[in-house]
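Enquirer: Next comes the structure file data-v6.txt, holding compact mmCIF, C-alpha atoms and all ligand atoms.
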```
# COMPACT_ATOMS: atom_id res chain seq x y z
CA MET V 1 172.00 105.94 52.08
CA LYS V 2 171.95 103.31 54.82
CA ARG V 3 172.77 104.18 58.43
CA TYR V 4 173.23 101.65 61.25
CA GLU V 5 174.21 101.84 64.93
CA TRP V 6 176.74 99.51 66.58
CA HIS V 7 177.14 97.73 63.26
CA PRO V 8 179.88 95.13 62.56
CA VAL V 9 182.64 96.44 60.30
CA HIS V 10 183.56 93.90 57.60
CA ASN V 11 187.27 93.03 57.56
CA THR V 12 189.15 90.17 55.90
CA PHE V 13 191.08 89.45 59.11
CA GLY V 14 187.77 88.17 60.45
CA ILE V 15 188.08 90.22 63.62
CA GLU V 16 184.94 91.27 65.41
CA ALA V 17 184.64 95.04 65.60
CA LYS V 18 181.61 97.31 65.61
CA ALA V 19 181.19 100.94 64.59
CA ARG V 20 179.05 103.20 66.79
CA VAL V 21 177.62 104.54 63.52
CA TYR V 22 178.07 102.91 60.11
CA VAL V 23 176.99 104.72 56.94
CA ASP V 24 176.91 103.36 53.40
CA TYR V 25 176.43 106.26 50.95
CA GLU V 26 175.66 105.98 47.23
CA SER V 27 176.72 109.29 45.68
CA VAL V 28 178.91 112.38 46.10
CA GLU V 29 175.79 114.44 46.88
CA GLU V 30 174.66 112.03 49.63
CA LEU V 31 178.11 112.21 51.20
CA GLN V 32 178.16 116.01 51.03
CA SER V 33 174.71 116.27 52.63
CA LEU V 34 175.78 113.95 55.44
CA LEU V 35 179.03 115.67 56.41
CA PRO V 36 177.58 118.68 58.35
CA GLN V 37 175.91 116.19 60.75
CA LEU V 38 179.29 114.59 61.44
CA ALA V 39 181.08 117.71 62.74
CA GLY V 40 183.30 116.78 65.70
CA GLU V 41 182.93 113.03 65.07
CA ARG V 42 185.83 110.63 64.67
CA ILE V 43 185.55 109.35 61.08
CA LEU V 44 187.03 106.25 59.48
CA HIS V 45 186.48 105.65 55.76
CA VAL V 46 186.68 102.00 54.82
CA GLY V 47 186.65 100.09 51.55
CA GLY V 48 186.50 96.29 51.49
CA GLY V 49 188.31 96.00 54.85
CA SER V 50 191.17 93.97 53.36
CA ASN V 51 193.97 96.00 54.86
CA LEU V 52 192.56 96.84 58.28
CA LEU V 53 193.32 95.43 61.71
CA PHE V 54 190.79 96.42 64.35
CA THR V 55 192.03 96.44 67.93
CA ASN V 56 188.74 97.75 69.34
CA ASP V 57 185.23 98.75 68.42
CA PHE V 58 185.25 102.10 66.59
CA ASP V 59 183.64 104.77 68.73
CA GLY V 60 182.84 107.07 65.82
CA VAL V 61 181.43 107.02 62.30
CA VAL V 62 182.56 104.50 59.71
CA LEU V 63 181.85 105.58 56.13
CA HIS V 64 181.69 103.24 53.17
CA SER V 65 181.27 104.28 49.55
CA GLY V 66 178.68 102.62 47.35
CA ILE V 67 179.64 104.83 44.38
CA ARG V 68 179.67 102.59 41.32
CA GLY V 69 180.23 102.94 37.60
CA MET V 70 183.01 102.67 35.04
CA GLU V 71 182.87 105.28 32.30
CA VAL V 72 185.25 106.19 29.47
CA VAL V 73 186.02 109.92 29.78
CA ALA V 74 188.63 110.27 27.01
CA GLU V 75 189.86 108.21 24.10
CA GLU V 76 193.35 108.84 22.79
CA ALA V 77 195.35 107.11 20.07
CA GLU V 78 197.21 104.79 22.42
CA SER V 79 195.26 104.96 25.63
CA VAL V 80 191.86 105.38 27.17
CA LEU V 81 190.89 107.22 30.36
CA VAL V 82 188.32 105.42 32.50
CA ARG V 83 186.61 107.00 35.52
CA VAL V 84 185.64 104.42 38.12
CA GLY V 85 183.49 104.76 41.25
CA ALA V 86 185.36 104.20 44.52
CA GLY V 87 182.94 101.47 45.60
CA GLU V 88 183.63 99.20 42.63
CA VAL V 89 185.45 95.99 43.50
CA TRP V 90 189.03 96.32 42.23
CA ASP V 91 189.20 92.93 40.55
CA ASP V 92 185.85 93.49 38.77
CA PHE V 93 187.49 96.56 37.22
CA VAL V 94 190.55 94.52 36.19
CA ALA V 95 188.32 91.88 34.59
CA TYR V 96 186.28 94.59 32.81
CA CYS V 97 189.47 96.15 31.34
CA LEU V 98 190.39 92.81 29.81
CA THR V 99 186.98 92.41 28.20
CA GLN V 100 187.42 95.85 26.60
CA GLY V 101 190.94 95.09 25.29
CA TRP V 102 192.61 97.58 27.65
CA SER V 103 195.79 96.60 29.42
CA GLY V 104 197.90 97.91 32.29
CA VAL V 105 196.21 96.34 35.30
CA GLU V 106 196.39 92.61 34.51
CA ASN V 107 199.39 92.11 36.85
CA LEU V 108 197.20 93.49 39.66
CA SER V 109 194.59 90.76 39.22
CA LEU V 110 192.84 89.35 42.27
CA ILE V 111 194.06 91.97 44.76
CA PRO V 112 191.16 92.21 47.23
CA GLY V 113 189.44 95.48 48.01
CA GLU V 114 187.83 98.39 46.22
CA VAL V 115 188.85 101.05 43.73
CA GLY V 116 188.98 103.92 46.29
CA ALA V 117 191.63 102.15 48.37
CA SER V 118 193.79 101.40 45.32
CA ALA V 119 194.59 105.12 45.22
CA VAL V 120 195.28 105.33 48.98
CA GLN V 121 197.44 102.23 49.25
CA ASN V 122 199.14 102.38 45.83
CA ILE V 123 198.47 98.66 45.55
CA GLY V 124 201.16 96.69 43.81
CA ALA V 125 202.02 93.20 42.62
CA TYR V 126 204.23 91.46 40.09
CA GLY V 127 206.11 94.55 38.96
CA VAL V 128 203.16 96.95 38.57
CA GLU V 129 201.70 99.53 40.97
CA ALA V 130 198.43 101.46 40.87
CA LYS V 131 200.43 104.67 40.42
CA ASP V 132 201.50 103.44 36.97
CA VAL V 133 197.90 103.73 35.74
CA ILE V 134 196.34 106.43 37.97
CA GLU V 135 195.74 109.66 36.03
CA ARG V 136 193.84 111.56 38.73
CA VAL V 137 191.88 111.03 41.92
CA GLU V 138 188.58 112.70 42.79
CA ALA V 139 187.71 113.23 46.44
CA VAL V 140 185.45 115.06 48.87
CA SER V 141 187.06 116.84 51.80
CA LEU V 142 185.79 115.37 55.07
CA LEU V 143 186.64 118.72 56.69
CA ASP V 144 184.51 121.07 54.56
CA GLY V 145 182.65 118.93 51.98
CA SER V 146 184.41 120.51 48.98
CA ARG V 147 185.13 118.47 45.84
CA ARG V 148 188.80 118.11 44.97
CA THR V 149 190.76 116.58 42.11
CA PHE V 150 194.36 115.48 42.56
CA THR V 151 196.81 114.62 39.80
CA ASN V 152 198.99 111.55 40.09
CA ALA V 153 201.94 113.82 41.02
CA ASP V 154 199.90 115.52 43.79
CA CYS V 155 199.44 112.13 45.49
CA GLN V 156 203.24 111.61 45.86
CA TYR V 157 203.07 107.88 45.34
CA GLY V 158 205.80 105.54 46.57
CA TYR V 159 206.02 101.87 47.53
CA ARG V 160 202.67 101.24 49.36
CA GLN V 161 202.64 104.98 50.12
CA SER V 162 200.68 108.08 49.16
CA LYS V 163 199.78 111.43 50.66
CA PHE V 164 196.39 109.90 51.56
CA LYS V 165 198.24 107.53 53.91
CA ARG V 166 200.47 110.26 55.38
CA GLU V 167 199.83 114.04 55.44
CA TRP V 168 196.20 113.72 54.25
CA ARG V 169 195.30 110.72 56.43
CA GLY V 170 191.61 110.88 57.34
CA GLN V 171 191.00 114.13 55.43
CA PHE V 172 189.40 112.89 52.18
CA ALA V 173 186.82 110.45 50.94
CA ILE V 174 187.94 109.26 47.53
CA THR V 175 184.90 109.16 45.27
CA HIS V 176 186.34 108.25 41.84
CA VAL V 177 189.65 107.26 40.34
CA VAL V 178 190.54 107.98 36.70
CA TYR V 179 192.90 105.37 35.25
CA ARG V 180 194.88 105.54 32.01
CA LEU V 181 194.84 102.16 30.28
CA SER V 182 196.72 101.13 27.21
CA ARG V 183 195.28 99.95 23.91
CA GLN V 184 198.63 98.33 23.10
CA PHE V 185 199.57 95.40 25.31
CA VAL V 186 203.10 95.68 26.66
CA PRO V 187 203.61 92.65 28.91
CA GLN V 188 205.30 93.35 32.26
CA LEU V 189 207.02 90.07 32.97
CA ASP V 190 210.04 91.22 34.96
CA TYR V 191 208.87 89.75 38.25
CA GLY V 192 210.59 86.35 38.24
CA ASN V 193 207.83 83.87 38.82
CA ILE V 194 205.50 85.42 36.21
CA ARG V 195 208.05 84.81 33.47
CA THR V 196 208.56 81.25 34.72
CA GLN V 197 204.83 80.64 34.83
CA LEU V 198 204.44 81.86 31.21
CA SER V 199 207.61 80.23 29.87
CA THR V 200 205.77 77.44 28.06
CA LEU V 201 203.77 79.92 25.94
CA ARG V 202 204.74 81.27 22.50
CA ASP V 203 205.11 85.08 22.34
CA ASP V 204 201.73 85.47 20.60
CA GLU V 205 200.07 83.46 23.37
CA VAL V 206 201.21 85.93 26.04
CA THR V 207 198.00 87.97 26.16
CA PRO V 208 196.65 90.11 29.02
CA GLN V 209 194.33 87.20 29.86
CA ALA V 210 197.31 84.79 30.02
CA VAL V 211 199.08 87.18 32.41
CA ARG V 212 195.93 87.49 34.51
CA ASP V 213 195.58 83.70 34.65
CA ALA V 214 199.26 83.31 35.68
CA VAL V 215 198.97 85.95 38.41
CA ILE V 216 195.77 84.36 39.74
CA SER V 217 197.34 80.93 39.85
CA ILE V 218 200.51 82.16 41.66
CA ARG V 219 198.41 84.11 44.15
CA GLN V 220 196.05 81.22 44.85
CA ALA V 221 199.00 78.90 45.47
CA LYS V 222 200.68 81.22 47.98
CA LEU V 223 198.19 83.51 49.64
CA PRO V 224 195.52 82.33 52.07
CA ASP V 225 191.91 82.93 51.02
CA PRO V 226 190.38 85.25 53.65
CA LEU V 227 187.12 83.32 53.42
CA VAL V 228 188.99 80.27 54.70
CA GLN V 229 191.57 81.89 56.99
CA GLY V 230 191.35 85.54 58.04
CA ASN V 231 194.25 87.74 56.88
CA ALA V 232 195.06 91.10 55.30
CA GLY V 233 197.70 90.06 52.77
CA SER V 234 201.28 91.08 53.57
CA PHE V 235 201.24 92.23 57.16
CA PHE V 236 204.60 94.04 56.80
CA MET V 237 206.24 96.09 54.07
CA ASN V 238 209.51 94.88 52.61
CA PRO V 239 212.31 96.94 54.22
CA VAL V 240 214.75 99.01 52.18
CA VAL V 241 218.20 99.16 53.78
CA PRO V 242 221.29 101.23 52.91
CA ARG V 243 223.61 99.43 50.46
CA GLU V 244 226.46 99.23 53.02
CA GLN V 245 224.18 97.47 55.52
CA PHE V 246 223.04 95.05 52.81
CA GLU V 247 226.63 94.24 51.78
CA GLN V 248 227.50 93.50 55.39
CA LEU V 249 224.48 91.15 55.70
CA GLN V 250 225.35 89.45 52.43
CA LYS V 251 228.69 88.39 53.93
CA ASP V 252 226.86 86.43 56.62
CA TYR V 253 223.95 85.31 54.40
CA PRO V 254 225.25 84.96 50.81
CA GLN V 255 221.87 83.65 49.62
CA ILE V 256 219.87 86.64 50.91
CA PRO V 257 217.26 87.60 48.25
CA HIS V 258 217.23 91.29 47.32
CA TYR V 259 216.12 93.86 44.74
CA ASN V 260 217.58 97.25 43.89
CA ALA V 261 215.43 100.11 45.14
CA PRO V 262 215.82 103.85 44.43
CA ASN V 263 217.17 104.56 47.92
CA GLY V 264 218.97 101.32 48.82
CA VAL V 265 218.34 97.59 48.64
CA LYS V 266 214.92 96.00 49.23
CA ILE V 267 214.94 92.72 51.16
CA PRO V 268 211.84 90.48 51.24
CA ALA V 269 210.55 90.57 54.82
CA GLY V 270 209.07 87.09 54.21
CA TRP V 271 212.63 85.74 53.96
CA LEU V 272 213.76 87.55 57.14
CA ILE V 273 210.76 86.17 59.05
CA GLU V 274 211.26 82.66 57.69
CA GLN V 275 214.94 82.74 58.72
CA CYS V 276 213.84 83.61 62.25
CA GLY V 277 211.91 80.33 62.31
CA TRP V 278 208.45 81.91 62.33
CA LYS V 279 207.00 80.46 59.10
CA GLY V 280 203.94 78.35 60.00
CA LYS V 281 204.32 79.12 63.73
CA ALA V 282 201.52 80.36 65.96
CA LEU V 283 201.32 82.59 68.98
CA GLY V 284 197.94 82.05 70.57
CA LYS V 285 195.17 82.52 68.02
CA ALA V 286 197.37 84.29 65.45
CA ALA V 287 199.95 82.65 63.21
CA VAL V 288 202.50 83.23 60.48
CA HIS V 289 201.17 81.67 57.26
CA ASP V 290 202.89 78.42 56.32
CA ARG V 291 203.28 79.27 52.59
CA GLN V 292 204.08 83.01 52.78
CA ALA V 293 205.76 84.25 55.95
CA LEU V 294 204.84 87.87 55.26
CA VAL V 295 201.19 87.09 55.92
CA LEU V 296 199.78 86.85 59.45
CA VAL V 297 196.59 84.84 59.81
CA ASN V 298 193.72 84.55 62.24
CA ARG V 299 193.54 80.91 63.36
CA GLY V 300 189.96 81.51 64.50
CA GLY V 301 188.66 83.85 67.17
CA ALA V 302 191.79 86.06 67.28
CA THR V 303 191.47 89.65 68.48
CA GLY V 304 193.43 92.58 67.09
CA ALA V 305 195.57 92.39 70.25
CA ASP V 306 196.44 88.73 69.49
CA VAL V 307 197.63 89.69 66.01
CA LEU V 308 199.59 92.68 67.34
CA ALA V 309 201.28 90.49 69.97
CA LEU V 310 202.49 88.18 67.18
CA SER V 311 203.52 91.13 65.00
CA ASP V 312 205.54 92.70 67.86
CA THR V 313 207.32 89.40 68.57
CA VAL V 314 208.16 88.85 64.90
CA CYS V 315 209.47 92.45 64.54
CA HIS V 316 211.56 92.01 67.68
CA ASP V 317 213.11 88.76 66.43
CA VAL V 318 213.89 90.19 62.96
CA LYS V 319 215.55 93.22 64.58
CA ALA V 320 217.53 91.05 67.00
CA ARG V 321 218.85 88.75 64.28
CA PHE V 322 219.33 91.11 61.31
CA GLY V 323 219.33 94.62 62.83
CA ILE V 324 216.46 95.55 60.46
CA ASP V 325 213.23 97.28 61.47
CA ILE V 326 210.15 96.00 59.66
CA HIS V 327 206.91 97.98 59.72
CA PRO V 328 203.26 96.99 59.23
CA GLU V 329 201.62 97.64 55.87
CA VAL V 330 198.26 96.95 57.46
CA ASN V 331 196.31 99.91 58.89
CA VAL V 332 195.95 99.32 62.64
CA ILE V 333 192.72 100.89 63.92
P1 LIG O 401 190.43 98.98 53.32
O1 LIG O 401 191.28 97.89 53.84
O2 LIG O 401 189.02 99.03 53.77
O3 LIG O 401 191.13 100.39 53.61
C1 LIG O 401 192.49 100.57 53.33
C2 LIG O 401 192.85 102.06 53.54
O4 LIG O 401 192.23 102.85 52.55
C3 LIG O 401 192.39 102.62 54.89
O5 LIG O 401 193.33 103.57 55.31
C4 LIG O 401 191.07 103.32 54.53
O6 LIG O 401 190.79 104.37 55.41
C5 LIG O 401 191.36 103.82 53.14
N1 LIG O 401 190.19 103.93 52.26
C6 LIG O 401 189.48 102.91 51.71
N2 LIG O 401 188.54 103.40 50.87
C7 LIG O 401 188.64 104.74 50.90
C8 LIG O 401 187.94 105.81 50.25
N3 LIG O 401 186.96 105.61 49.35
N4 LIG O 401 188.30 107.09 50.54
C9 LIG O 401 189.31 107.32 51.42
N5 LIG O 401 190.02 106.37 52.05
C10 LIG O 401 189.68 105.09 51.79
N6 LIG O 401 197.79 94.78 48.54
C11 LIG O 401 198.70 95.01 47.55
O7 LIG O 401 199.10 96.17 47.34
N7 LIG O 401 199.17 94.00 46.78
C12 LIG O 401 198.78 92.73 46.94
O8 LIG O 401 199.24 91.85 46.22
C13 LIG O 401 197.82 92.45 47.97
N8 LIG O 401 197.41 91.18 48.19
C14 LIG O 401 196.49 90.93 49.18
C15 LIG O 401 196.06 89.61 49.37
C16 LIG O 401 195.12 89.32 50.35
C17 LIG O 401 194.67 87.89 50.54
C18 LIG O 401 194.59 90.36 51.14
C19 LIG O 401 193.55 90.05 52.18
C20 LIG O 401 195.02 91.67 50.98
C21 LIG O 401 195.99 91.96 49.99
N9 LIG O 401 196.46 93.27 49.78
C22 LIG O 401 197.36 93.52 48.76
C23 LIG O 401 196.00 94.36 50.65
C24 LIG O 401 194.67 95.01 50.20
O9 LIG O 401 194.02 94.20 49.25
C25 LIG O 401 194.89 96.41 49.63
O10 LIG O 401 195.53 97.23 50.58
C26 LIG O 401 193.57 97.06 49.19
O11 LIG O 401 193.83 98.24 48.46
C27 LIG O 401 192.65 97.38 50.35
O12 LIG O 401 191.40 97.74 49.79
P2 LIG O 401 190.08 97.87 50.66
O13 LIG O 401 189.03 98.42 49.77
O14 LIG O 401 189.80 96.59 51.31
O15 LIG O 401 190.51 98.98 51.71
N1 LIG O 402 210.25 84.72 50.72
C1 LIG O 402 210.73 83.76 51.59
N2 LIG O 402 209.83 83.14 52.42
C2 LIG O 402 208.52 83.44 52.43
C3 LIG O 402 208.03 84.43 51.55
C4 LIG O 402 208.93 85.06 50.71
O1 LIG O 402 211.92 83.47 51.60
O2 LIG O 402 207.78 82.83 53.21
C5 LIG O 402 211.20 85.39 49.81
C6 LIG O 402 211.54 84.54 48.58
O3 LIG O 402 212.89 84.80 48.27
C7 LIG O 402 210.67 85.14 47.49
C8 LIG O 402 210.65 86.62 47.89
O4 LIG O 402 210.64 86.59 49.32
O5 LIG O 402 211.23 84.99 46.21
C9 LIG O 402 209.46 87.41 47.36
O6 LIG O 402 208.25 86.73 47.72
P1 LIG O 402 206.87 87.05 46.95
O7 LIG O 402 207.09 87.02 45.48
O8 LIG O 402 205.81 86.20 47.53
O9 LIG O 402 206.63 88.58 47.30
P2 LIG O 402 206.68 89.39 48.66
O10 LIG O 402 207.81 90.36 48.58
O11 LIG O 402 206.63 88.50 49.83
C10 LIG O 402 205.25 91.32 47.66
C11 LIG O 402 204.06 92.14 48.06
C12 LIG O 402 202.78 91.38 47.80
C13 LIG O 402 202.70 91.09 46.30
C14 LIG O 402 203.93 90.27 45.90
C15 LIG O 402 203.99 90.05 44.41
C16 LIG O 402 204.78 93.61 49.84
C17 LIG O 402 204.70 93.95 51.28
N3 LIG O 402 204.14 92.51 49.47
O12 LIG O 402 205.29 90.20 48.53
O13 LIG O 402 201.69 92.22 48.14
O14 LIG O 402 201.52 90.40 45.98
O15 LIG O 402 205.13 90.97 46.29
O16 LIG O 402 204.33 91.24 43.78
O17 LIG O 402 205.40 94.35 49.08
C18 LIG O 402 200.27 92.85 49.95
O18 LIG O 402 200.74 93.99 49.83
O19 LIG O 402 199.36 92.57 50.77
C19 LIG O 402 200.78 91.78 49.09
C20 LIG O 402 200.36 90.51 49.17
```
For this file, produce the structure as structure tokens.
Ligand code: FAD
Ligand code: EPU

Expert:
Amino acid sequence: MKRYEWHPVHNTFGIEAKARVYVDYESVEELQSLLPQLAGERILHVGGGSNLLFTNDFDGVVLHSGIRGMEVVAEEAESVLVRVGAGEVWDDFVAYCLTQGWSGVENLSLIPGEVGASAVQNIGAYGVEAKDVIERVEAVSLLDGSRRTFTNADCQYGYRQSKFKREWRGQFAITHVVYRLSRQFVPQLDYGNIRTQLSTLRDDEVTPQAVRDAVISIRQAKLPDPLVQGNAGSFFMNPVVPREQFEQLQKDYPQIPHYNAPNGVKIPAGWLIEQCGWKGKALGKAAVHDRQALVLVNRGGATGADVLALSDTVCHDVKARFGIDIHPEVNVI
């Protein structure tokens, strides 16, 4: 275990923030032995810091998991169950699955962050979400140190939502995630630009690796690399509006992109923001990315307050023009 005081907290937005205490633990037992000393402390558990926006230093204890390992825990005729340590880098796990001939996560290639957060955030991209492959989640209660196991259903997953983000916020450290991967490759190509990207290939050339390569190339073309320009991916979630509201909007904007959602119609917030004229525009040291308007970027030296000022202005303008509330996906600390 490593413990530091007033230690910088890594975050892909590139915002300077320190934790009064920062602890990197390596095992469930280390975490359990540490918890009694943290009674009464404010605790924040972080992963790779790729979905965090710090608005201040954190006057409490930041925990980070160094639990590693990927182990097969069950082999079935059509699938395999793999238990992965929360501190593994998500995309290393995706790459490992491909080397083993397991599929199910190739559409989620190159999403930054660690395995623990995949089960909090229900990460998603190109028609697949983490919930489609999560079998169960193992955690330690930050309240009493007990070990808990949650089934997929217990976690109540939805679009970028889970109980860990809502009712259980701050209550658990996720230590392992068990994923169910498929031995049979069933390509998920419904998300438009994946199919386009793979359209030159014969059916037998559409392998998990080909899907991974296509996803990586689309992502690299659109999304800013945090090492070059600080960001946390999509800053906002795509709003879902009632069908009647959508039909009204469609009269004024016949070209409005949209997808059917279980409880209404999902509209890409990137389109709403672009229509408001914000794509590529800056407000102080924060800006709206010039290739993907859903992403806010740090132009260098921005504070959390700078990014929030831009986010508030963008939300205000979208509401004023379309009557739609958009909400951050990013965790504001
Ligand atoms: P952090 O940002 O450190 O934490 C995220 C949340 O999880 C916090 O609430 C934190 O408290 C909690 N948490 C983290 N680890 C644990 C743990 N072990 N136990 C308990 N709680 C924990 N997301 C998508 O869904 N799809 C995308 O396509 C996508 N693209 C992105 C592209 C870029 C360039 C960037 C920068 C981000 C993108 N994201 C995307 C967002 C981000 O990658 C995900 O939200 C990711 O899951 C965050 O992982 P992390 O380990 O960095 O978690
Ligand atoms: N669009 C615009 N202008 C823009 C951006 C998007 O008009 O600047 C419109 C276009 O019509 C485009 C549509 O929005 O066809 C969808 O764009 P894109 O495929 O880039 O997806 P997105 O809805 O903007 C979501 C996720 C991403 C994920 C991609 C691919 C959310 C909040 N974001 O973005 O996730 O990678 O789909 O599946 O759901 C993240 O969560 O951090 C993230 C990057």

Enquirer: Quick one: what's the axis-aligned box for ligand LIG 402 (chain O), all listed atoms, 6 Å on every side, centre and edges in Å to one decimal, as JSON?

Expert:
```
{"center_x": 206.1, "center_y": 88.6, "center_z": 48.5, "size_x": 25.5, "size_y": 23.5, "size_z": 21.4}
```

Enquirer: One decimal, in Å: what's the spacing between atom CA of V:Ala286 and atom O14 of ligand LIG 401 (chain O)?

Expert: 20.2 Å

Enquirer: My list of candidates is V:Phe246, V:Phe13, V:Tyr96, V:Tyr157. Which is closest to ligand LIG 401 (chain O) when distances are computed with all atoms listed in the file?

Expert: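 Closest residue, counting all atoms listed in the file: V:Phe13.
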
Enquirer: Counting all atoms listed in the file, write as JSON, numbers by chain all protein and nucleic acid residues lying at most 12 Å from (173.4, 103.8, 65.1) in the file's frame.

Expert: {"V": [2, 3, 4, 5, 6, 7, 8, 18, 19, 20, 21, 22, 23, 59, 60, 61, 62]}

Enquirer: Limited to C-alpha atoms, could you put the picked residues into a file as a PDB file, keeping the file's coordinate frame?

Expert:
```pdb
ATOM      1  CA  LYS V   2     171.950 103.310  54.820  1.00  0.00           C
ATOM      2  CA  ARG V   3     172.770 104.180  58.430  1.00  0.00           C
ATOM      3  CA  TYR V   4     173.230 101.650  61.250  1.00  0.00           C
ATOM      4  CA  GLU V   5     174.210 101.840  64.930  1.00  0.00           C
ATOM      5  CA  TRP V   6     176.740  99.510  66.580  1.00  0.00           C
ATOM      6  CA  HIS V   7     177.140  97.730  63.260  1.00  0.00           C
ATOM      7  CA  PRO V   8     179.880  95.130  62.560  1.00  0.00           C
ATOM      8  CA  LYS V  18     181.610  97.310  65.610  1.00  0.00           C
ATOM      9  CA  ALA V  19     181.190 100.940  64.590  1.00  0.00           C
ATOM     10  CA  ARG V  20     179.050 103.200  66.790  1.00  0.00           C
ATOM     11  CA  VAL V  21     177.620 104.540  63.520  1.00  0.00           C
ATOM     12  CA  TYR V  22     178.070 102.910  60.110  1.00  0.00           C
ATOM     13  CA  VAL V  23     176.990 104.720  56.940  1.00  0.00           C
ATOM     14  CA  ASP V  59     183.640 104.770  68.730  1.00  0.00           C
ATOM     15  CA  GLY V  60     182.840 107.070  65.820  1.00  0.00           C
ATOM     16  CA  VAL V  61     181.430 107.020  62.300  1.00  0.00           C
ATOM     17  CA  VAL V  62     182.560 104.500  59.710  1.00  0.00           C
TER      18      VAL V  62
END
```

Enquirer: Name the residues in contact with V:Pro262 at a cut-off of 12 Å, using only C-alpha atoms, excluding same-chain residues fewer than 6 positions from it; report them as a VMD selection string.

Expert: chain V and resid 158 to 159 240 to 243

Enquirer: Keeping only C-alpha atoms, write the selected residues to a file as a compact mmCIF listing (two decimals), in the frame of the given file.

Expert:
```
# COMPACT_ATOMS: atom_id res chain seq x y z
CA GLY V 158 205.80 105.54 46.57
CA TYR V 159 206.02 101.87 47.53
CA VAL V 240 214.75 99.01 52.18
CA VAL V 241 218.20 99.16 53.78
CA PRO V 242 221.29 101.23 52.91
CA ARG V 243 223.61 99.43 50.46
```

Enquirer: 7 Å from ligand LIG 401 (chain O) is the threshold here; counting all atoms listed in the file, which polymer residues fall inside it? Answer as a PyMOL selection string.

Expert: chain V and resi 12+44-52+64-65+86-87+111-118+120-125+160+165+170+172-175+223-226+231-234+331

Enquirer: Can you work out the spacing between atom CA of V:Val177 and atom CA of V:Val137 in Å, to one decimal?

Expert: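 For atom CA of V:Val177 relative to atom CA of V:Val137, the distance reads 4.7 Å.
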
Enquirer: Kindly work out which residues sit at most 8 Å from ligand LIG 402 (chain O), using all atoms listed in the file, and give the list as a PyMOL selection string.

Expert: chain V and resi 51+111+123-128+159-160+191+193+219+222-223+232-238+256-258+267-275+279+289-295+329

Enquirer: If you keep N, CA, C and O atoms, can you output stretch 111-120 of chain V as a tab-separated table (two decimals), in the first residue's frame?

Expert:
```
chain	number	residue	atom	x	y	z
V	111	ILE	N	-11.87	2.72	-24.82
V	111	ILE	CA	-12.48	3.61	-23.81
V	111	ILE	C	-11.46	3.74	-22.67
V	111	ILE	O	-10.97	2.74	-22.15
V	112	PRO	N	-11.11	4.97	-22.30
V	112	PRO	CA	-10.12	5.13	-21.23
V	112	PRO	C	-10.65	4.64	-19.88
V	112	PRO	O	-11.86	4.47	-19.72
V	113	GLY	N	-9.77	4.46	-18.94
V	113	GLY	CA	-10.19	4.14	-17.58
V	113	GLY	C	-9.95	2.70	-17.21
V	113	GLY	O	-9.33	1.94	-17.96
V	114	GLU	N	-10.42	2.34	-16.03
V	114	GLU	CA	-10.12	1.03	-15.44
V	114	GLU	C	-11.39	0.18	-15.30
V	114	GLU	O	-12.51	0.69	-15.45
V	115	VAL	N	-11.15	-1.09	-15.00
V	115	VAL	CA	-12.23	-2.07	-14.95
V	115	VAL	C	-13.28	-1.73	-13.87
V	115	VAL	O	-14.48	-1.85	-14.10
V	116	GLY	N	-12.83	-1.27	-12.70
V	116	GLY	CA	-13.79	-0.95	-11.62
V	116	GLY	C	-14.83	0.04	-12.08
V	116	GLY	O	-16.05	-0.14	-11.89
V	117	ALA	N	-14.38	1.10	-12.76
V	117	ALA	CA	-15.31	2.15	-13.20
V	117	ALA	C	-16.27	1.67	-14.29
V	117	ALA	O	-17.37	2.20	-14.41
V	118	SER	N	-15.87	0.65	-15.05
V	118	SER	CA	-16.78	0.18	-16.12
V	118	SER	C	-18.10	-0.25	-15.52
V	118	SER	O	-19.16	-0.10	-16.14
V	119	ALA	N	-18.05	-0.77	-14.28
V	119	ALA	CA	-19.26	-1.27	-13.63
V	119	ALA	C	-20.02	-0.17	-12.89
V	119	ALA	O	-21.18	-0.34	-12.54
V	120	VAL	N	-19.37	0.97	-12.66
V	120	VAL	CA	-20.05	2.12	-12.05
V	120	VAL	C	-20.77	2.90	-13.14
V	120	VAL	O	-21.95	3.23	-13.04
```
